[in-house]
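A.B. asks: Contents of upload05.cif (mmCIF, C-alpha atoms) are given next:
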```
data_data
loop_
_atom_site.group_PDB
_atom_site.id
_atom_site.type_symbol
_atom_site.label_atom_id
_atom_site.label_comp_id
_atom_site.auth_asym_id
_atom_site.auth_seq_id
_atom_site.Cartn_x
_atom_site.Cartn_y
_atom_site.Cartn_z
ATOM 1 C CA MET A 1403 15.682 -33.239 -3.922
ATOM 2 C CA SER A 1404 17.967 -35.375 -5.921
ATOM 3 C CA PRO A 1405 20.701 -34.031 -8.172
ATOM 4 C CA ASP A 1406 18.768 -35.389 -11.153
ATOM 5 C CA ASP A 1407 15.948 -32.839 -10.568
ATOM 6 C CA GLY A 1408 18.000 -30.118 -12.227
ATOM 7 C CA ALA A 1409 17.910 -27.958 -9.085
ATOM 8 C CA ARG A 1410 21.112 -27.028 -7.293
ATOM 9 C CA SER A 1411 21.437 -27.468 -3.599
ATOM 10 C CA CYS A 1412 22.250 -24.502 -1.404
ATOM 11 C CA GLY A 1413 25.862 -24.383 -0.464
ATOM 12 C CA PRO A 1414 28.913 -22.185 -0.476
ATOM 13 C CA LEU A 1415 29.655 -20.195 -3.589
ATOM 14 C CA PRO A 1416 32.162 -21.857 -5.838
ATOM 15 C CA GLU A 1417 35.311 -19.881 -6.506
ATOM 16 C CA SER A 1418 34.616 -19.564 -10.248
ATOM 17 C CA ASP A 1419 33.541 -21.483 -13.306
ATOM 18 C CA ALA A 1420 35.822 -22.521 -16.172
ATOM 19 C CA ALA A 1421 35.735 -18.982 -17.628
ATOM 20 C CA GLY A 1422 36.671 -17.448 -14.289
ATOM 21 C CA HIS A 1423 33.196 -15.999 -13.545
ATOM 22 C CA PRO A 1424 31.619 -16.732 -10.195
ATOM 23 C CA GLU A 1425 28.542 -18.916 -10.416
ATOM 24 C CA PRO A 1426 25.332 -17.553 -8.927
ATOM 25 C CA ARG A 1427 24.207 -18.846 -5.567
ATOM 26 C CA ALA A 1428 21.295 -21.270 -5.648
ATOM 27 C CA LYS A 1429 17.966 -20.118 -4.248
ATOM 28 C CA PRO A 1430 17.072 -21.294 -0.760
ATOM 29 C CA GLU A 1431 14.754 -24.270 -0.758
ATOM 30 C CA GLU A 1432 11.653 -22.300 0.306
ATOM 31 C CA LEU A 1433 12.030 -19.882 -2.618
ATOM 32 C CA ARG A 1434 12.451 -22.501 -5.307
ATOM 33 C CA CYS A 1435 9.670 -23.217 -7.729
ATOM 34 C CA VAL A 1436 8.978 -26.875 -7.278
ATOM 35 C CA PRO A 1437 5.823 -28.062 -8.997
ATOM 36 C CA SER A 1438 3.419 -29.902 -6.780
ATOM 37 C CA SER A 1439 -0.076 -31.250 -7.205
ATOM 38 C CA GLU A 1440 -1.315 -28.084 -5.490
ATOM 39 C CA THR A 1441 0.422 -25.707 -7.917
ATOM 40 C CA ALA A 1442 0.239 -27.809 -11.071
ATOM 41 C CA GLY A 1443 -0.501 -25.658 -14.093
ATOM 42 C CA GLN A 1444 0.094 -22.390 -12.197
ATOM 43 C CA ALA A 1445 2.848 -19.901 -12.797
ATOM 44 C CA CYS A 1446 5.634 -19.808 -10.247
ATOM 45 C CA GLY A 1447 7.603 -16.905 -8.795
ATOM 46 C CA PRO A 1448 7.031 -13.795 -6.696
ATOM 47 C CA ARG A 1449 4.529 -12.210 -9.088
ATOM 48 C CA ALA A 1450 2.554 -15.428 -9.351
ATOM 49 C CA ARG A 1451 2.524 -15.824 -5.571
ATOM 50 C CA ALA A 1452 1.315 -12.232 -5.276
ATOM 51 C CA ALA A 1453 -1.449 -12.989 -7.759
ATOM 52 C CA ARG A 1454 -2.642 -15.865 -5.585
ATOM 53 C CA ARG A 1455 -2.779 -13.741 -2.429
ATOM 54 C CA SER A 1456 -6.249 -13.284 -1.065
ATOM 55 C CA ARG A 1457 -5.769 -9.580 -0.203
ATOM 56 C CA PRO A 1458 -3.739 -6.939 -2.014
ATOM 57 C CA ARG A 1459 -0.611 -5.765 -0.190
ATOM 58 C CA ILE A 1460 -1.748 -2.143 -0.348
ATOM 59 C CA ILE A 1461 -4.467 -3.021 2.167
ATOM 60 C CA GLU A 1462 -1.857 -4.422 4.541
ATOM 61 C CA ALA A 1463 0.254 -1.267 4.208
ATOM 62 C CA LEU A 1464 -2.741 1.003 4.789
ATOM 63 C CA ASN A 1465 -3.757 -0.983 7.875
ATOM 64 C CA ARG A 1466 -0.184 -0.812 9.163
ATOM 65 C CA ALA A 1467 -0.218 2.979 8.726
ATOM 66 C CA ARG A 1468 -3.498 3.209 10.652
ATOM 67 C CA ASP A 1469 -2.122 1.018 13.455
ATOM 68 C CA TRP A 1470 1.028 3.084 13.738
ATOM 69 C CA GLN A 1471 -0.948 6.333 13.793
ATOM 70 C CA ARG A 1472 -3.240 4.893 16.468
ATOM 71 C CA MET A 1473 -0.176 3.970 18.537
ATOM 72 C CA ILE A 1474 1.148 7.531 18.261
ATOM 73 C CA ASP A 1475 -2.242 9.054 19.094
ATOM 74 C CA ALA A 1476 -2.690 6.757 22.097
ATOM 75 C CA GLY A 1477 0.759 7.628 23.427
ATOM 76 C CA GLU A 1478 2.002 4.032 23.140
ATOM 77 C CA VAL A 1479 4.989 5.346 21.185
ATOM 78 C CA LYS A 1480 6.520 8.811 21.018
ATOM 79 C CA ASN A 1481 7.200 9.096 17.316
ATOM 80 C CA ALA A 1482 8.035 7.375 14.051
ATOM 81 C CA ALA A 1483 11.602 6.698 15.193
ATOM 82 C CA GLN A 1484 10.318 4.607 18.089
ATOM 83 C CA ILE A 1485 7.967 2.724 15.747
ATOM 84 C CA ALA A 1486 10.945 2.001 13.499
ATOM 85 C CA ARG A 1487 12.961 0.622 16.416
ATOM 86 C CA ASP A 1488 10.060 -1.429 17.777
ATOM 87 C CA HIS A 1489 9.117 -2.927 14.391
ATOM 88 C CA ASP A 1490 12.663 -3.393 13.081
ATOM 89 C CA VAL A 1491 12.218 -1.147 10.033
ATOM 90 C CA THR A 1492 13.908 2.093 9.040
ATOM 91 C CA ARG A 1493 12.466 5.510 9.851
ATOM 92 C CA ALA A 1494 12.250 6.083 6.102
ATOM 93 C CA ARG A 1495 10.023 3.016 5.750
ATOM 94 C CA VAL A 1496 7.756 4.229 8.559
ATOM 95 C CA SER A 1497 7.510 7.568 6.772
ATOM 96 C CA GLN A 1498 6.664 5.843 3.480
ATOM 97 C CA VAL A 1499 3.868 3.821 5.053
ATOM 98 C CA MET A 1500 2.510 6.794 7.012
ATOM 99 C CA THR A 1501 2.290 8.767 3.744
ATOM 100 C CA LEU A 1502 -0.694 6.584 2.833
ATOM 101 C CA LEU A 1503 -2.705 8.371 5.538
ATOM 102 C CA ARG A 1504 -2.704 11.485 3.333
ATOM 103 C CA LEU A 1505 -4.941 9.799 0.741
ATOM 104 C CA ALA A 1506 -8.390 11.203 0.043
ATOM 105 C CA PRO A 1507 -11.048 9.357 2.091
ATOM 106 C CA GLU A 1508 -12.740 8.088 -1.085
ATOM 107 C CA ILE A 1509 -9.518 6.415 -2.207
ATOM 108 C CA VAL A 1510 -9.023 4.811 1.206
ATOM 109 C CA GLU A 1511 -12.592 3.512 1.055
ATOM 110 C CA TYR A 1512 -11.992 2.104 -2.447
ATOM 111 C CA ILE A 1513 -8.809 0.344 -1.287
ATOM 112 C CA ASP A 1514 -10.538 -1.061 1.805
ATOM 113 C CA ASP A 1515 -13.215 -2.595 -0.429
ATOM 114 C CA LEU A 1516 -10.698 -4.424 -2.650
ATOM 115 C CA ASP A 1517 -10.263 -8.149 -2.594
ATOM 116 C CA GLY A 1518 -7.884 -10.434 -4.437
ATOM 117 C CA SER A 1519 -10.406 -11.376 -7.092
ATOM 118 C CA GLU A 1520 -10.478 -7.932 -8.663
ATOM 119 C CA GLY A 1521 -7.154 -8.314 -10.456
ATOM 120 C CA CYS A 1522 -5.632 -5.324 -8.688
ATOM 121 C CA LEU A 1523 -1.983 -6.362 -8.856
ATOM 122 C CA HIS A 1524 -1.187 -3.144 -10.706
ATOM 123 C CA LEU A 1525 -2.229 -1.254 -7.565
ATOM 124 C CA THR A 1526 1.131 -1.232 -5.837
ATOM 125 C CA GLU A 1527 2.066 0.626 -2.690
ATOM 126 C CA ARG A 1528 4.651 2.651 -4.615
ATOM 127 C CA LYS A 1529 2.062 3.915 -7.101
ATOM 128 C CA VAL A 1530 -0.455 4.724 -4.380
ATOM 129 C CA ARG A 1531 2.205 6.527 -2.317
ATOM 130 C CA ALA A 1532 2.974 8.749 -5.304
ATOM 131 C CA ILE A 1533 -0.722 9.650 -5.453
ATOM 132 C CA ALA A 1534 -0.791 10.323 -1.702
ATOM 133 C CA LEU A 1535 1.937 12.918 -2.163
ATOM 134 C CA LEU A 1536 -0.383 15.049 -4.303
ATOM 135 C CA GLU A 1537 -1.612 17.896 -2.087
ATOM 136 C CA ASN A 1538 -5.115 18.279 -3.499
ATOM 137 C CA HIS A 1539 -7.676 15.509 -2.927
ATOM 138 C CA ASP A 1540 -9.248 16.281 -6.313
ATOM 139 C CA ALA A 1541 -5.887 15.641 -7.986
ATOM 140 C CA GLN A 1542 -5.498 12.444 -5.940
ATOM 141 C CA ARG A 1543 -8.926 11.200 -7.026
ATOM 142 C CA ALA A 1544 -8.156 11.965 -10.680
ATOM 143 C CA ALA A 1545 -4.759 10.224 -10.591
ATOM 144 C CA PHE A 1546 -6.139 7.219 -8.720
ATOM 145 C CA GLY A 1547 -9.078 7.022 -11.133
ATOM 146 C CA GLU A 1548 -6.641 6.840 -14.046
ATOM 147 C CA LEU A 1549 -4.666 4.121 -12.287
ATOM 148 C CA VAL A 1550 -7.651 1.879 -11.575
ATOM 149 C CA GLY A 1551 -9.784 2.886 -14.552
ATOM 150 C CA VAL A 1552 -12.779 4.211 -12.624
ATOM 151 C CA THR A 1553 -14.053 7.623 -11.646
ATOM 152 C CA ILE A 1554 -13.779 8.352 -7.940
ATOM 153 C CA PRO A 1555 -16.371 11.034 -7.113
ATOM 154 C CA PRO A 1556 -15.855 13.273 -4.088
ATOM 155 C CA ARG A 1557 -17.863 12.456 -1.007
ATOM 156 C CA ALA A 1558 -20.777 14.676 -0.111
ATOM 157 C CA PRO A 1559 -20.310 16.486 3.214
ATOM 158 C CA THR A 1560 -21.565 14.222 5.975
ATOM 159 C CA SER A 1561 -21.788 16.769 8.757
ATOM 160 C CA PRO A 1562 -25.170 18.530 8.956
ATOM 161 C CA ARG A 1563 -23.416 21.488 10.625
ATOM 162 C CA VAL A 1564 -21.434 22.410 7.499
ATOM 163 C CA ALA A 1565 -24.287 23.938 5.478
ATOM 164 C CA PRO A 1566 -26.198 25.646 8.328
ATOM 165 C CA ARG A 1567 -23.059 27.282 9.696
ATOM 166 C CA ALA A 1568 -22.327 28.837 6.305
ATOM 167 C CA THR A 1569 -25.976 29.858 5.977
ATOM 168 C CA ARG A 1570 -25.986 31.478 9.425
ATOM 169 C CA SER A 1571 -22.894 33.526 8.650
ATOM 170 C CA ARG A 1572 -24.411 34.660 5.354
ATOM 171 C CA GLN A 1573 -27.639 35.594 7.099
ATOM 172 C CA ALA A 1574 -25.720 37.553 9.739
ATOM 173 C CA GLY A 1575 -23.824 39.370 7.014
ATOM 174 C CA GLN A 1576 -27.030 40.154 5.134
ATOM 175 C CA ALA A 1577 -28.720 41.395 8.300
ATOM 176 C CA ALA A 1578 -25.758 43.663 9.020
ATOM 177 C CA GLU A 1579 -25.901 45.040 5.483
ATOM 178 C CA ALA A 1580 -29.671 45.593 5.716
ATOM 179 C CA GLY A 1581 -29.327 47.395 9.051
ATOM 180 C CA ALA A 1582 -26.596 49.724 7.756
#
```
Starting from the file, lay out its structure as structure tokens.
C.D. replies:
Amino acid sequence: MSPDDGARSCGPLPESDAAGHPEPRAKPEELRCVPSSETAGQACGPRARAARRSRPRIIEALNRARDWQRMIDAGEVKNAAQIARDHDVTRARVSQVMTLLRLAPEIVEYIDDLDGSEGCLHLTERKVRAIALLENHDAQRAAFGELVGVTIPPRAPTSPRVAPRATRSRQAGQAAEAGA
């Protein structure tokens, strides 16, 4: 880059400007918005780069939580503290990501089906984590539905043993009452 481009080069901070205020440090080269033929006509900056991502970040966070839980279940790591050390993040961050595993299965399924074309930038990890902290899956579905603008119905029970087991216990209770 030449000095005529209007961009400052990275270098040490100057002591101060004429008014005595320190001047801000220039952005590193890789973070600068420099128009190119590839990005011509597109917005520049972190939000614009996020908009051009092919997959929403919430999917990455959810997959990371699943991987970490799998590692714990398989005995590859002892606990979240070891994950934090191994992945160079804080224990608090591991806890934040693992919170996503508390989401209702219908919400997880909805997130897994997302792609970048659905305009889901408003679906941030922070917002989804707040929903995951709700204890009741019905409340989670309602809050998530408001966030994304759709109704998330509860899943029907998939196990065929759920209904017969309840029926058998009712029949046993009725038989006991009839015999008494």
A.B. asks: Out of A:Leu1502, A:Ile1509, A:Pro1555, A:Val1496, which residue has the shortest atom-to-atom distance to Asn1481 of chain A when counting only C-alpha atoms?
C.D. replies: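 Comparing A:Leu1502, A:Ile1509, A:Pro1555, A:Val1496 against Asn1481 of chain A, the winner is A:Val1496.
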A.B. asks: So what does the PyMOL selection byres ((chain A and resi 1500) around 10) actually pick up in this one, as a list in words?
C.D. replies: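 Answer for the PyMOL selection byres ((chain A and resi 1500) around 10): Ala1463, Leu1464, Arg1466, Ala1467, Arg1468, Asp1469, Trp1470, Gln1471, Ala1482, Ala1494, Arg1495, Val1496, Ser1497, Gln1498, Val1499, Thr1501, Leu1502, Leu1503, Arg1504, Arg1531 and Ala1534 of chain A.
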A.B. asks: Those selected residues, please, written with C-alpha atoms and delivered as a compact mmCIF listing (two decimals), in the coordinates of the input.
C.D. replies:
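See part_1.txt below for the written result:
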```
# COMPACT_ATOMS: atom_id res chain seq x y z
CA ALA A 1463 0.25 -1.27 4.21
CA LEU A 1464 -2.74 1.00 4.79
CA ARG A 1466 -0.18 -0.81 9.16
CA ALA A 1467 -0.22 2.98 8.73
CA ARG A 1468 -3.50 3.21 10.65
CA ASP A 1469 -2.12 1.02 13.46
CA TRP A 1470 1.03 3.08 13.74
CA GLN A 1471 -0.95 6.33 13.79
CA ALA A 1482 8.04 7.38 14.05
CA ALA A 1494 12.25 6.08 6.10
CA ARG A 1495 10.02 3.02 5.75
CA VAL A 1496 7.76 4.23 8.56
CA SER A 1497 7.51 7.57 6.77
CA GLN A 1498 6.66 5.84 3.48
CA VAL A 1499 3.87 3.82 5.05
CA THR A 1501 2.29 8.77 3.74
CA LEU A 1502 -0.69 6.58 2.83
CA LEU A 1503 -2.70 8.37 5.54
CA ARG A 1504 -2.70 11.48 3.33
CA ARG A 1531 2.20 6.53 -2.32
CA ALA A 1534 -0.79 10.32 -1.70
```
A.B. asks: Report the distance between atom CA of Glu1527 of chain A and atom CA of Ala1483 of chain A in Å, rounded to one decimal place.
C.D. replies: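 Straight-line distance from atom CA of Glu1527 of chain A to atom CA of Ala1483 of chain A works out to 21.2 Å.
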A.B. asks: Grab the atom CA of Ile1485 of chain A to atom CA of Val1530 of chain A distance for me, in Å with one decimal place.
C.D. replies: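 Rounded to one decimal, the two atoms are 21.9 Å apart.
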A.B. asks: Report, as AutoDock Vina command-line options, the axis-aligned box around all atoms of segment 1523-1528 of chain A present in the file, extended by 6 Å on each side; give centre and edge lengths in Å to one decimal place.
C.D. replies:
```
--center_x 1.2 --center_y -1.9 --center_z -6.7 --size_x 18.9 --size_y 21.0 --size_z 20.0
```
A.B. asks: Up to 6 Å from (-3.3, 13.2, -0.5) in the file's coordinates: name the residues, counting all atoms listed in the file, as a ChimeraX atom specification.
C.D. replies: /A:1504-1506,1534-1537,1539,1542
A.B. asks: Please compute the atom CA of Leu1525 of chain A-atom CA of Glu1511 of chain A distance, one decimal, in Å.
C.D. replies: 14.3 Å
A.B. asks: Going by the chain IDs and residue numbers used in this file, which residues fall under the PyMOL selection byres ((chain A and resi 1526) around 12)? Write them as a PDB file with C-alpha atoms, in the frame of the given file.
C.D. replies:
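Generated output (out07.pdb):
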```pdb
ATOM      1  CA  ARG A1449       4.529 -12.210  -9.088  1.00  0.00           C
ATOM      2  CA  ALA A1452       1.315 -12.232  -5.276  1.00  0.00           C
ATOM      3  CA  PRO A1458      -3.739  -6.939  -2.014  1.00  0.00           C
ATOM      4  CA  ARG A1459      -0.611  -5.765  -0.190  1.00  0.00           C
ATOM      5  CA  ILE A1460      -1.748  -2.143  -0.348  1.00  0.00           C
ATOM      6  CA  ILE A1461      -4.467  -3.021   2.167  1.00  0.00           C
ATOM      7  CA  GLU A1462      -1.857  -4.422   4.541  1.00  0.00           C
ATOM      8  CA  ALA A1463       0.254  -1.267   4.208  1.00  0.00           C
ATOM      9  CA  LEU A1464      -2.741   1.003   4.789  1.00  0.00           C
ATOM     10  CA  LEU A1502      -0.694   6.584   2.833  1.00  0.00           C
ATOM     11  CA  ILE A1513      -8.809   0.344  -1.287  1.00  0.00           C
ATOM     12  CA  GLY A1521      -7.154  -8.314 -10.456  1.00  0.00           C
ATOM     13  CA  CYS A1522      -5.632  -5.324  -8.688  1.00  0.00           C
ATOM     14  CA  LEU A1523      -1.983  -6.362  -8.856  1.00  0.00           C
ATOM     15  CA  HIS A1524      -1.187  -3.144 -10.706  1.00  0.00           C
ATOM     16  CA  LEU A1525      -2.229  -1.254  -7.565  1.00  0.00           C
ATOM     17  CA  GLU A1527       2.066   0.626  -2.690  1.00  0.00           C
ATOM     18  CA  ARG A1528       4.651   2.651  -4.615  1.00  0.00           C
ATOM     19  CA  LYS A1529       2.062   3.915  -7.101  1.00  0.00           C
ATOM     20  CA  VAL A1530      -0.455   4.724  -4.380  1.00  0.00           C
ATOM     21  CA  ARG A1531       2.205   6.527  -2.317  1.00  0.00           C
ATOM     22  CA  ALA A1532       2.974   8.749  -5.304  1.00  0.00           C
ATOM     23  CA  ILE A1533      -0.722   9.650  -5.453  1.00  0.00           C
ATOM     24  CA  PHE A1546      -6.139   7.219  -8.720  1.00  0.00           C
ATOM     25  CA  LEU A1549      -4.666   4.121 -12.287  1.00  0.00           C
ATOM     26  CA  VAL A1550      -7.651   1.879 -11.575  1.00  0.00           C
TER      27      VAL A1550
END
```
A.B. asks: I need the residue nearest Val1510 of chain A from this list: A:Ile1554, A:Val1479, A:Ala1541, A:Met1473. Use all atoms listed in the file for the distance.
C.D. replies: A:Ile1554
